[in-house]
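Colleague: Sharing a structure, written as structure tokens. Questions coming.
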2 protein chains.
Amino acid sequence: MNDTFLRACRGEKTDYTPVWLMRQAGRYMKEYQEVRAKVDFLTLCKTPELAAKVTLQPIDILGVDAAILFSDILIAVEAMGMPLEFHDKKGPILGDPVRTKAGVDRLAIPDTEDSMPFVLETIRILRRELTVPLIGFSGAPWTLATYIIEGGSSKNFLHTKKMMYQNPGLFTALMEKITATVIEYLSAQIAAGAQAVQLFDSWAGILTPYDYEKTIFPHVKAAIKALKKYDVPVIYFVNDCAGLLDVVKKCGADVIGIDWRVDMARAAKKLGKKYSLQGNLDPLVLFAAKEHIEDRVKDILFKAEPARGHIFNLGHGILPETPVESAITMVEAVHRYGRND
Amino acid sequence: MNDTFLRACRGEKTDYTPVWLMRQAGRYMKEYQEVRAKVDFLTLCKTPELAAKVTLQPIDILGVDAAILFSDILIAVEAMGMPLEFHDKKGPILGDPVRTKAGVDRLAIPDTEDSMPFVLETIRILRRELTVPLIGFSGAPWTLATYIIEGGSSKNFLHTKKMMYQNPGLFTALMEKITATVIEYLSAQIAAGAQAVQLFDSWAGILTPYDYEKTIFPHVKAAIKALKKYDVPVIYFVNDCAGLLDVVKKCGADVIGIDWRVDMARAAKKLGKKYSLQGNLDPLVLFAAKEHIEDRVKDILFKAEPARGHIFNLGHGILPETPVESAITMVEAVHRYGRND
């Protein structure tokens with residue numbers, strides 16, 4: 001077992017800098033497209049043999065140091081009771097968006113074994129097959145709340161912020177229900193074999209630091225605290241985090257994942273004593289020439305040096321249009337030029 | 001003439017904190033909708049009497065301390081030679097996106113008097129009517145480049161970043177042509193009577209600090225330098241700027257406009273000695289109750305105190321769904337609780 005990733009999460013010495021890519025199992029890879037040609041996205045998520053198969057694809061092809069469960073953050077929202085559909089162009093659609101007390105009351109805190117057994121079965125299959133650690137994941141409470149309230153993606157998050165500002169009591173009740181779901185869901189993933197868990201706060205960056213600290217952060221901090229009782233690293237990925245670092249540094253996770261819009265040197269200075277850092281190449285750099293990709297990898301590796309640990313990653317999910325060779329170039333450059341403690 | 005806004009731009013003493021709102025002339029106001037019901041958006045921009053009329057509406061209704069020319073940043077791109085259409089749902093569409101040398105070569109550096117006389121005429125009308133200063137504006141070079149290369153709005157800015165990474169020579173040639181256009185366009189607005197100018201870098205925040213500093217910043221800095229020879233304040237609005245402040249602080253403008261995702265106290269500490277600051281209430285706070293709006297206004301006013309000057313504004317354009325009374329509440333709160341040097 002290659003445990004470099006887990007060691008880096010804990011800030012232990014490693015022989016080299018480990019690397020994986022957000023959305024590393026995905027459309028940019030022809031092997032994935034072959035599987036996906038036969039089933040729709042949700043069926044793929046819910047069929048353990050297939051979900052495990054695509055999870056494994058990037059491990060050998062890219063040579064990454066960790067696998068991440070193939071799934072979607074909205075699977076848990078569907079289990080809470082909202083009908084979920086994926087449209088190739090429009091993205092996810094959740095039926096009957098929650099904007100009232102009755103809506104919040106209707107949501108369940110699902111038992112993972114009962115309502116998402118396929119996720120746990122995928123994890124069990126993967127643990128038998130994998131030679132690198134397996135990361136489980138969930139959306140962070142706030143990010144899930146935006147989907148639950150908007151009913152899908154959004155431009156301005158009008159309904160979500162309206163509820164947050166106009167009905168703080170109802171908003172808190174919703175956040176508490178989601179947080180309980182996140183804790184139960186990730187606890188079950190860990191019990192099934194996930195060796196680390198990542199909370200994706202994909203929409204944290206649309207908040208003022210004021211609202212993030214006061215209204216959102218207590219919930220994600222509570223989730224992290226509950227998960228810390230298990231002996232697996234907790235990674236908190238905060239998208240568009242440049243304005244939130246002073247708050248994020250109090251989260252208590254093992255690893256902070258940062259997006260590409262913040263300088264790694266600033267993040268390392270601000271967070272690197274208490275946390276390992278994960279990130280943060282702009283996914284679009286993978287459209288550059290090989291030499292430029294290598295230069296940018298070296299720049300980030302160098303800037304991350306002051307942090308207690310570094311897991312190289314993109315600053316966001318890899319795009320479907322990305323050339324696979326560029327992802328391989330990135331992984332090889334990280335392994336060649338990374339730290340050697 | 002109420003010159004509070006201009007004095008605050010220059011960091012001079014003022015009797016109170018001036019305030020205006022990005023997109024203050026717009027759909028949230030029924031008086032605007034009445035005008036817009038009769039003409040389409042582009043016709044409104046290009047008809048001086050009507051553009052002046054809607055520019056004036058918020059001055060009395062809201063009681064703001066500055067007017068901003070009613071227009072659109074893509075007007076100048078159309079004048080460079082790209083066909084422009086606005087669709088109510090899909091936003092702006094620019095025909096024949098520029099992705100090749102031939103495309104860049106085809107773009108003109110327009111003479112404003114020849115190709116956008118309606119903008120200058122609107123300014124001349126407004127200067128006769130207004131009792132507060134008039135702000136002219138342009139898109140910043142990078143933001144205009146994204147529209148020119150993508151042909152409209154974008155999610156990942158794939159084509160723009162592809163050109164930036166794959167063909168830096170061509171990208172620089174395009175940026176130089178746009179920068180020359182911006183300088184000519186704003187110089188003409190100033191000559192016609194604009195008393196301050198704002199550069200909107202609405203898409204600065206999708207860049208890594210690395211690319212922003214190396215590839216984008218030299219052009220906007222050159223534009224600011226060229227405009228500084230006129231005796232009017234230059235405002236540089238940088239959207240999603242939290243990760244870019246260390247670079248932005250070298251821009252040389254009079255005022256830095258910041259979005260809502262950065263804490264005003266941090267911005268004031270980082271930028272406030274050299275610059276006046278403009279911003280930064282989350283436009284969505286205007287959906288909250290009156291007391292909450294007032295509390296948030298006070299919080300920002302307090303945090304901006306260390307800056308040499310403060311112009312209160314939203315952190316982004318006001319949304320069409322916003323209640324007018326909330327905008328009035330905000331303006332009144334700024335005037336009531338703002339600085340009194």
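Going through the structure tokens in order, the chains are called A, B, and so on, while each chain numbers its residues from 1 and the ligands are numbered from 1 in the order shown.
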What lies within 8 Å of region 275-290 of chain A using only C-alpha atoms, ignoring chain neighbours under 3 positions off, as JSON, numbers by chain?
Modeller: {"A": [8, 9, 10, 11, 253, 254, 255, 256, 257, 258, 259, 260, 261, 264, 268, 271, 272, 293, 294, 296, 297, 300, 304, 307, 308, 309, 310, 311, 312, 313, 314, 315, 316, 317, 318, 319, 322, 323, 326, 327, 329, 330], "B": [158, 161, 162, 165, 166, 208]}
Colleague: Keeping only N, CA and C atoms, take the residues you just selected and write them out as a compact mmCIF listing (two decimals), in the first residue's frame.
Modeller:
# COMPACT_ATOMS: atom_id res chain seq x y z
N ALA A 8 1.14 12.57 4.09
CA ALA A 8 1.15 14.02 3.80
C ALA A 8 -0.05 14.71 4.45
N CYS A 9 -1.18 14.05 4.46
CA CYS A 9 -2.37 14.62 5.12
C CYS A 9 -2.08 14.91 6.59
N ARG A 10 -1.32 14.01 7.22
CA ARG A 10 -1.04 14.16 8.65
C ARG A 10 0.19 15.00 8.93
N GLY A 11 0.85 15.47 7.86
CA GLY A 11 2.07 16.26 8.04
C GLY A 11 3.28 15.42 8.41
N ALA A 253 -9.74 20.79 10.52
CA ALA A 253 -9.50 19.62 9.65
C ALA A 253 -8.01 19.27 9.66
N ASP A 254 -7.64 18.21 8.93
CA ASP A 254 -6.22 17.88 8.77
C ASP A 254 -5.62 18.59 7.57
N VAL A 255 -6.44 18.73 6.54
CA VAL A 255 -5.96 19.30 5.28
C VAL A 255 -6.95 20.37 4.81
N ILE A 256 -6.40 21.48 4.31
CA ILE A 256 -7.24 22.49 3.66
C ILE A 256 -6.96 22.40 2.16
N GLY A 257 -8.01 22.19 1.38
CA GLY A 257 -7.88 22.22 -0.08
C GLY A 257 -8.20 23.62 -0.58
N ILE A 258 -7.32 24.18 -1.40
CA ILE A 258 -7.54 25.56 -1.87
C ILE A 258 -7.69 25.58 -3.38
N ASP A 259 -8.43 26.56 -3.87
CA ASP A 259 -8.61 26.73 -5.30
C ASP A 259 -7.43 27.50 -5.89
N TRP A 260 -7.45 27.70 -7.21
CA TRP A 260 -6.31 28.30 -7.92
C TRP A 260 -6.22 29.82 -7.79
N ARG A 261 -7.26 30.46 -7.24
CA ARG A 261 -7.30 31.93 -7.21
C ARG A 261 -6.56 32.52 -6.03
N MET A 264 -0.41 30.12 -3.47
CA MET A 264 -0.05 29.05 -2.54
C MET A 264 0.89 29.56 -1.44
N ALA A 268 0.14 29.07 2.42
CA ALA A 268 1.09 28.32 3.25
C ALA A 268 1.49 29.15 4.47
N LEU A 271 -1.86 29.25 6.72
CA LEU A 271 -2.46 28.00 7.22
C LEU A 271 -1.47 26.88 7.46
N GLY A 272 -0.27 27.04 6.90
CA GLY A 272 0.62 25.89 6.76
C GLY A 272 1.20 25.31 8.05
N ILE A 293 3.40 23.67 -18.18
CA ILE A 293 2.77 22.89 -17.10
C ILE A 293 3.83 22.57 -16.04
N GLU A 294 5.00 22.14 -16.48
CA GLU A 294 6.06 21.78 -15.53
C GLU A 294 6.51 22.99 -14.72
N ARG A 296 4.73 25.59 -13.92
CA ARG A 296 3.69 25.97 -12.96
C ARG A 296 3.62 24.98 -11.80
N VAL A 297 3.87 23.70 -12.09
CA VAL A 297 3.93 22.70 -11.02
C VAL A 297 5.07 23.06 -10.07
N ILE A 300 4.28 26.00 -7.73
CA ILE A 300 3.39 25.66 -6.61
C ILE A 300 4.11 24.80 -5.58
N ALA A 304 4.60 25.88 -1.68
CA ALA A 304 3.98 25.07 -0.62
C ALA A 304 4.99 24.57 0.40
N ALA A 307 4.54 24.79 4.22
CA ALA A 307 3.42 24.08 4.86
C ALA A 307 3.91 22.77 5.46
N ARG A 308 3.22 22.32 6.51
CA ARG A 308 3.64 21.09 7.19
C ARG A 308 3.51 19.87 6.30
N GLY A 309 2.66 19.95 5.28
CA GLY A 309 2.50 18.86 4.31
C GLY A 309 1.84 19.41 3.07
N HIS A 310 2.06 18.76 1.92
CA HIS A 310 1.44 19.23 0.68
C HIS A 310 0.97 18.04 -0.14
N ILE A 311 -0.29 18.06 -0.50
CA ILE A 311 -0.83 17.12 -1.47
C ILE A 311 -1.11 17.93 -2.72
N PHE A 312 -0.41 17.63 -3.80
CA PHE A 312 -0.63 18.40 -5.02
C PHE A 312 -1.99 18.02 -5.61
N ASN A 313 -2.67 19.01 -6.18
CA ASN A 313 -3.96 18.78 -6.81
C ASN A 313 -4.24 19.97 -7.72
N LEU A 314 -5.29 19.87 -8.50
CA LEU A 314 -5.79 21.03 -9.21
C LEU A 314 -6.51 21.92 -8.21
N GLY A 315 -6.80 23.16 -8.60
CA GLY A 315 -7.56 24.05 -7.75
C GLY A 315 -9.06 23.86 -7.91
N HIS A 316 -9.46 23.01 -8.85
CA HIS A 316 -10.87 22.70 -9.10
C HIS A 316 -10.88 21.46 -9.97
N GLY A 317 -12.05 20.94 -10.31
CA GLY A 317 -12.12 19.71 -11.10
C GLY A 317 -11.52 19.85 -12.49
N ILE A 318 -10.93 18.76 -12.97
CA ILE A 318 -10.37 18.75 -14.32
C ILE A 318 -11.51 18.88 -15.33
N LEU A 319 -11.27 19.63 -16.42
CA LEU A 319 -12.33 19.84 -17.42
C LEU A 319 -12.40 18.68 -18.41
N THR A 322 -9.84 18.42 -21.32
CA THR A 322 -8.41 18.35 -21.02
C THR A 322 -7.73 17.16 -21.70
N PRO A 323 -6.56 17.38 -22.31
CA PRO A 323 -5.81 16.24 -22.87
C PRO A 323 -5.26 15.37 -21.73
N SER A 326 -1.66 15.81 -20.68
CA SER A 326 -1.33 16.95 -19.82
C SER A 326 -1.48 16.59 -18.34
N ALA A 327 -2.49 15.78 -18.05
CA ALA A 327 -2.67 15.33 -16.66
C ALA A 327 -1.49 14.45 -16.25
N THR A 329 1.53 14.59 -17.56
CA THR A 329 2.67 15.51 -17.43
C THR A 329 2.69 16.13 -16.04
N MET A 330 1.52 16.56 -15.58
CA MET A 330 1.42 17.18 -14.26
C MET A 330 1.83 16.21 -13.16
N LEU B 158 -12.51 28.77 -21.22
CA LEU B 158 -11.59 27.83 -21.86
C LEU B 158 -10.83 28.45 -23.03
N LYS B 161 -8.33 31.33 -21.79
CA LYS B 161 -7.11 30.86 -21.13
C LYS B 161 -6.26 30.00 -22.08
N LYS B 162 -6.93 29.30 -22.99
CA LYS B 162 -6.19 28.54 -24.00
C LYS B 162 -5.29 29.49 -24.80
N TYR B 165 -2.40 30.77 -22.63
CA TYR B 165 -1.35 29.80 -22.34
C TYR B 165 -0.67 29.28 -23.61
N GLN B 166 -1.45 29.12 -24.69
CA GLN B 166 -0.89 28.45 -25.87
C GLN B 166 -0.27 29.43 -26.85
N THR B 208 -5.41 33.06 -11.76
CA THR B 208 -4.44 32.86 -10.69
C THR B 208 -3.72 34.19 -10.47
Colleague: Check the DSSP output for the backbone and give back, as a VMD selection string, the residues of region 80-258 of chain A in alpha helix (DSSP H).
Modeller: chain A and resid 80 101 to 106 112 to 115 117 to 129 141 to 150 158 to 166 168 to 192 209 to 211 217 to 227 245 to 248
Colleague: Nearest residue to Phe217 (chain A) out of A:Pro141, A:Ile148, A:His292, A:Val197, using only C-alpha atoms?
Modeller: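 The answer is A:Pro141, which sits nearest to Phe217 (chain A).
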Colleague: For each of A:Leu301, A:Ala188, A:Ile206, A:Ile75, take the minimum atom-to-atom distance to Thr43 (chain A), counting only C-alpha atoms, then give the residue where this is smallest.
Modeller: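 Of A:Leu301, A:Ala188, A:Ile206, A:Ile75, the one nearest Thr43 (chain A) is A:Ile75, counting only C-alpha atoms.
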Colleague: Just the residues within 12 Å of Lys89 (chain A), please, counting only C-alpha atoms, with nothing from its chain fewer than 4 positions along; format it as number ranges by chain.
Modeller: A: 85, 93, 153
Colleague: Under the rule that only C-alpha atoms are counted, which of A:Met164, A:Val77, A:Val234, A:Ala140 is the nearest residue to chain B?
Modeller: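 For chain B, the nearest of the given residues is A:Met164.
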Colleague: Give me the residues within 10 Å of Leu6 (chain B) as a list in words, counting only C-alpha atoms and dropping any in the same chain fewer than 3 places off.
Modeller: Asn2, Asp3, Cys9, Arg10, Gly11, Glu12, Thr14, Pro18, Asp65, Ala66, Val132, Pro133, Leu134, Ile135, Gln195, Ala196, Val232, Pro233 and Ile311 of chain B
Colleague: What's the 9 Å shell around Gln24 (chain B), counting only C-alpha atoms, without same-chain residues fewer than 6 positions away, as an mmCIF file with N, CA and C atoms, in the first residue's frame?
Modeller:
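Contents of the output file result36.cif:
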data_model
loop_
_atom_site.group_PDB
_atom_site.id
_atom_site.type_symbol
_atom_site.label_atom_id
_atom_site.label_comp_id
_atom_site.auth_asym_id
_atom_site.auth_seq_id
_atom_site.Cartn_x
_atom_site.Cartn_y
_atom_site.Cartn_z
ATOM 1 N N THR B 55 -29.925 57.547 -16.657
ATOM 2 C CA THR B 55 -28.772 57.856 -15.789
ATOM 3 C C THR B 55 -29.200 58.755 -14.633
ATOM 4 N N GLN B 57 -32.276 59.061 -13.298
ATOM 5 C CA GLN B 57 -33.344 58.547 -12.413
ATOM 6 C C GLN B 57 -32.896 58.260 -10.977
ATOM 7 N N PRO B 58 -31.806 57.491 -10.784
ATOM 8 C CA PRO B 58 -31.475 57.127 -9.389
ATOM 9 C C PRO B 58 -30.947 58.290 -8.549
ATOM 10 N N ILE B 59 -30.541 59.385 -9.207
ATOM 11 C CA ILE B 59 -29.928 60.471 -8.435
ATOM 12 C C ILE B 59 -30.930 61.035 -7.428
ATOM 13 N N LEU B 62 -32.791 57.762 -5.241
ATOM 14 C CA LEU B 62 -31.977 57.161 -4.182
ATOM 15 C C LEU B 62 -31.221 58.187 -3.347
ATOM 16 N N ALA B 67 -23.276 59.999 -10.402
ATOM 17 C CA ALA B 67 -24.010 59.362 -11.500
ATOM 18 C C ALA B 67 -23.009 58.574 -12.324
ATOM 19 N N ILE B 68 -23.442 57.473 -12.897
ATOM 20 C CA ILE B 68 -22.581 56.763 -13.838
ATOM 21 C C ILE B 68 -23.303 56.647 -15.163
ATOM 22 N N GLY B 317 -22.995 44.701 -9.144
ATOM 23 C CA GLY B 317 -24.192 45.400 -9.581
ATOM 24 C C GLY B 317 -25.445 44.998 -8.809
ATOM 25 N N ILE B 318 -26.334 45.958 -8.621
ATOM 26 C CA ILE B 318 -27.613 45.682 -7.949
ATOM 27 C C ILE B 318 -28.445 44.731 -8.822
#
Colleague: Per DSSP on the backbone, what are the strand (DSSP E) residues of region 182-325 of chain B, as a count of residues only?
Modeller: 26
Colleague: Kindly give the distance, in Å, that separates CA of Val64 (chain A) and CA of Trp20 (chain A), rounded to a single decimal.
Modeller: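 Between these atoms lies a distance of 5.1 Å.
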Colleague: Which residue is closest to chain B? Choose from A:Lys155, A:Lys274, A:Lys228, A:Arg339 and count only C-alpha atoms.
Modeller: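 Smallest separation from chain B among the options: A:Lys155.
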Colleague: If we count only C-alpha atoms, what is near Leu42 (chain A) at a cut-off of 8 Å, once residues fewer than 2 positions away on the same chain are taken out, given as an NGL selection string?
Modeller: :A and (40 or 44-46 or 85-86)
Colleague: Would you mind telling me which residue in B:Ile73, B:Ala333, B:Ala265, B:Met80 lies nearest to chain A when using only C-alpha atoms?
Modeller: B:Ala265
Colleague: What is the CA of Lys90 (chain B) to CA of Gly152 (chain A) distance in Å?
Modeller: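 Calculated distance between CA of Lys90 (chain B) and CA of Gly152 (chain A) is 17.6 Å.
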Colleague: Taking only C-alpha atoms into account, name the residue in B:Asp240, B:Asp96, B:Glu213, B:Glu31 that is nearest to Ile149 (chain B).
Modeller: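 Of B:Asp240, B:Asp96, B:Glu213, B:Glu31, the one nearest Ile149 (chain B) is B:Asp96, counting only C-alpha atoms.
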Colleague: Between CA of Lys303 (chain A) and CA of Ala267 (chain A), what is the distance in Å, rounded to a tenth?
Modeller: 9.0 Å
Colleague: Write out as a ChimeraX atom specification each polymer residue whose atoms come within 8 Å of Gln189 (chain B), counting only C-alpha atoms; drop sequence neighbours fewer than 3 positions from it.
Modeller: /B:119-120,123,136,185-186,192-194
Colleague: Keeping only N, CA and C atoms, write those residues as a short mmCIF file (atom, residue, chain, number, x, y, z; two decimals), in the first residue's frame.
Modeller:
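Written output follows (part-v8.cif):
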data_model
loop_
_atom_site.label_atom_id
_atom_site.label_comp_id
_atom_site.auth_asym_id
_atom_site.auth_seq_id
_atom_site.Cartn_x
_atom_site.Cartn_y
_atom_site.Cartn_z
N VAL B 119 -22.26 58.12 -27.08
CA VAL B 119 -21.73 58.09 -25.71
C VAL B 119 -21.31 59.50 -25.28
N LEU B 120 -20.62 60.18 -26.18
CA LEU B 120 -20.13 61.53 -25.84
C LEU B 120 -21.29 62.52 -25.73
N ILE B 123 -22.94 62.10 -22.41
CA ILE B 123 -22.14 62.77 -21.37
C ILE B 123 -22.40 64.28 -21.38
N GLY B 136 -17.58 58.23 -16.02
CA GLY B 136 -17.53 57.48 -17.28
C GLY B 136 -16.95 56.10 -16.99
N TYR B 185 -10.97 55.53 -25.61
CA TYR B 185 -12.39 55.63 -25.27
C TYR B 185 -12.59 56.46 -24.01
N LEU B 186 -11.80 56.20 -22.98
CA LEU B 186 -11.96 56.95 -21.73
C LEU B 186 -11.42 58.37 -21.85
N ALA B 192 -15.24 64.86 -23.10
CA ALA B 192 -16.65 65.25 -23.24
C ALA B 192 -17.26 65.70 -21.91
N GLY B 193 -16.57 65.40 -20.80
CA GLY B 193 -17.08 65.90 -19.52
C GLY B 193 -17.13 64.91 -18.37
N ALA B 194 -16.73 63.65 -18.59
CA ALA B 194 -16.74 62.70 -17.47
C ALA B 194 -15.78 63.19 -16.39
#
